[in-house]
Each structure stands twice: as structure tokens, then as C-alpha cells.
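Engineer: Before I ask anything, here is the structure I am working with.
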Amino acid sequence: MPIHIRRLAEVDIAVVHRLGLKEPAFAFQEVQCFWTEDQLRAWFASQDDICLGAYDDGALIGFALTVVHIPTGKATFENLLVLPEARGQNVGDLLIGAMLAILRERRIFYVCLLTPNASLSGYFERFGFRHEGAFAWHARAP
Ligand SMILES: CC(C)(COP(=O)(O)OP(=O)(O)OC[C@H]1O[C@@H](n2cnc3c(N)ncnc32)[C@H](O)[C@@H]1OP(=O)(O)O)[C@@H](O)C(=O)NCCC(=O)NCCS
């Protein structure tokens, strides 16, 4: 069955939360963490933001979460994850392609993202992202 992309919904919250918590790329200040279920619920319900899931035969195998800031027309691609067993089949490409198509439709052209290391730059360059280099990321833990 072909991979199907659709918006994430209430029913996906628990599985997205569980998968995100396990992904080492999403660790923050060396601590394994992810958005809470309540945060995901509000995010998926947002009319501005774009949260997409990839499904194989009804099972979630990947997701992409983007924040859209309407006043500035800026989108921040926050999380992209493909299940380890589903990697290498272009599922990430399908999610990014669908995300960028929605942003284009809405005339949002400035899109930025962070990667856990520079080795993923080549992956995102194929979609027109350019590694902007020497920014220092600062974060204040809650
Ligand atoms: C990054 C990730 C989403 C990729 O998803 P995927 O569906 O497995 O992607 P694929 O392996 O099918 O790669 C698709 C294409 O990108 C290429 N690619 C993969 N990694 C690459 C890299 N580092 N540099 C350049 N190209 C790369 C592949 O060769 C493939 O090209 P092809 O179609 O010409 O063969 C997945 O590995 C993942 O979930 N990683 C953990 C979370 C993470 O790091 N997320 C990104 C930061 S938020």
C-alpha cells in the first residue's frame, strides 16, 4: 500500500509522543525529552501550524511538525522523524515535500530548521535549505 500523508489528529498524540521521546536527535541539553501530550494536542489543533503524519497501511511511520508565525510569514520546521524501520524509503522526502507544498500555497517562503548535527545538511539541501553556519544556539531550560 502506498505511503499516505495527512494531518496529525487527536488519535495520533500518544504515538507521536512515544516516538519523539525515544529519538536521540530530539534530546535537549543532553536530556532525552520531547513535547508533552498537552503541547502536541494544542499544536495539532492549531489552524496556523502544520503537523503531518506518514502512514503505512494505517500505521504512523513518521511525522513532521512545523510552527507557522503568521505576522512575519516565517515557518520553523521543528521535528522530522521517520521510524528507524521505515528509513531509507523516502518517507522523509514525502513529509518535507507535503509540508513545503502547504507553505507555498499559503505564500510562506521563509522556512528555517535546526538539525542535531551538520551531517544532515546534505539531506535538507536537496529541498533548497542552505546551512547558514555559525549561529550559536542558546536555550533556557524550563
Ligand atoms: C532524517 C530522516 C527523517 C530521513 O528520513 P528517511 O525517510 O529515512 O530518508 P531516506 O533515508 O529515505 O533518504 C532520502 C534521500 O535522502 C538522502 N540522504 C539521507 N541522508 C542524507 C544526508 N545526510 N545527506 C545527503 N543526503 C541524504 C538519501 O540518500 C536518499 O536519497 P535518494 O532518494 O536519492 O536515495 C530520518 O533518518 C530520521 O528520522 N532521523 C532521526 C531524526 C532526525 O534526525 N530528524 C532530523 C532533524 S529534526
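Going through the C-alpha cells in order, the chains are called A, B, and so on, while each chain numbers its residues from 1 and the ligands are numbered from 1 in the order shown.
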Check the DSSP output for the backbone and give back, as a ChimeraX atom specification, the residues of chain A in alpha helix (DSSP H).
Structural biologist: /A:13-22,37-45,91-105,121-125
Engineer: A:Leu65: which residues within 7 Å, counting only C-alpha atoms, same-chain residues fewer than 4 positions away excluded, as a PyMOL selection string?
Structural biologist: chain A and resi 50-52+77-80
Engineer: Can you list, as a list in words, every protein, DNA or RNA residue that comes within 12 Å of A:Gln89 when you count only C-alpha atoms, leaving out same-chain residues fewer than 5 positions away?
Structural biologist: Pro2, Ile3, Ala54, Asp56, Ile61, Gly62, Val82, Leu83, Pro84, Leu94 and Leu95 of chain A
Engineer: Taking only C-alpha atoms and all ligand atoms into account, which residues have an atom no farther than 8 Å from ligand 1? I'd like them as JSON, numbers by chain.
Structural biologist: {"A": [23, 24, 25, 26, 62, 77, 78, 79, 80, 81, 82, 83, 84, 86, 87, 88, 89, 90, 91, 92, 93, 94, 113, 114, 115, 116, 119, 120, 121, 122, 123, 124, 125, 126]}
Engineer: Would you save the residues of that selection, restricted to C-alpha atoms, as an mmCIF file, in the first residue's frame?
Structural biologist:
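So the final result, stored in result_21.cif, reads:
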data_model
loop_
_atom_site.group_PDB
_atom_site.id
_atom_site.type_symbol
_atom_site.label_atom_id
_atom_site.label_comp_id
_atom_site.auth_asym_id
_atom_site.auth_seq_id
_atom_site.Cartn_x
_atom_site.Cartn_y
_atom_site.Cartn_z
ATOM 1 C CA GLU A 23 14.519 9.808 19.353
ATOM 2 C CA PRO A 24 18.094 10.777 20.331
ATOM 3 C CA ALA A 25 18.094 13.634 17.777
ATOM 4 C CA PHE A 26 15.464 15.445 19.892
ATOM 5 C CA GLY A 62 6.792 9.254 10.539
ATOM 6 C CA PHE A 77 10.381 23.206 10.905
ATOM 7 C CA GLU A 78 10.665 21.785 14.450
ATOM 8 C CA ASN A 79 10.708 17.994 14.219
ATOM 9 C CA LEU A 80 11.035 15.442 11.457
ATOM 10 C CA LEU A 81 11.082 11.784 12.364
ATOM 11 C CA VAL A 82 10.826 8.573 10.382
ATOM 12 C CA LEU A 83 10.650 5.312 12.341
ATOM 13 C CA PRO A 84 14.026 3.531 12.189
ATOM 14 C CA ALA A 86 10.870 2.772 7.773
ATOM 15 C CA ARG A 87 14.018 4.778 6.946
ATOM 16 C CA GLY A 88 15.668 4.607 3.539
ATOM 17 C CA GLN A 89 12.326 4.607 1.661
ATOM 18 C CA ASN A 90 11.977 8.354 1.104
ATOM 19 C CA VAL A 91 9.270 8.783 3.744
ATOM 20 C CA GLY A 92 11.099 11.891 4.993
ATOM 21 C CA ASP A 93 11.011 13.280 1.453
ATOM 22 C CA LEU A 94 7.250 12.778 1.266
ATOM 23 C CA LEU A 113 15.147 24.414 10.833
ATOM 24 C CA LEU A 114 17.744 23.122 13.254
ATOM 25 C CA THR A 115 19.490 19.795 12.888
ATOM 26 C CA PRO A 116 21.284 17.971 15.704
ATOM 27 C CA SER A 119 25.788 15.792 8.739
ATOM 28 C CA LEU A 120 22.105 16.277 7.900
ATOM 29 C CA SER A 121 22.796 19.437 5.882
ATOM 30 C CA GLY A 122 23.045 17.451 2.638
ATOM 31 C CA TYR A 123 19.678 15.871 3.344
ATOM 32 C CA PHE A 124 17.905 19.227 3.654
ATOM 33 C CA GLU A 125 19.895 20.902 0.859
ATOM 34 C CA ARG A 126 18.005 18.732 -1.611
#
Engineer: Could you name the residues that touch A:Thr76 at 8 Å or less, counting only C-alpha atoms, but leaving out those on the same chain fewer than 4 positions away, as a list in words?
Structural biologist: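 Residues near the query, excluding close chain neighbours: Thr66, Val67, Val68, Val111, Cys112 and Leu113 of chain A.
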Engineer: So that I can see what lies close to A:Gly133, please list as a ChimeraX atom specification the residues with an atom at most 12 Å from it, counting only C-alpha atoms and leaving out residues fewer than 2 positions away in the same chain.
Structural biologist: /A:114-115,117-118,121,129-131,135-137
Engineer: Atoms to include: C-alpha atoms. Write the selected residues as a tab-separated table (two decimals), in the first residue's frame.
Structural biologist:
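Below is the file out_28.tsv, written as the result:
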chain	number	residue	atom	x	y	z
A	114	LEU	CA	17.74	23.12	13.25
A	115	THR	CA	19.49	19.79	12.89
A	117	ASN	CA	24.47	17.99	13.64
A	118	ALA	CA	25.81	19.25	10.32
A	121	SER	CA	22.80	19.44	5.88
A	129	PHE	CA	17.73	24.63	2.57
A	130	ARG	CA	21.23	26.03	2.99
A	131	HIS	CA	23.39	25.52	6.05
A	135	PHE	CA	24.97	30.61	14.76
A	136	ALA	CA	25.26	29.67	18.41
A	137	TRP	CA	22.04	28.12	19.71
Engineer: With only C-alpha atoms as the basis for distance, which of A:Phe127, A:Phe63, A:Trp35, A:Phe28 is at the shortest distance from A:His4?
Structural biologist: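 Among the listed residues, the smallest separation from A:His4 belongs to A:Phe63.
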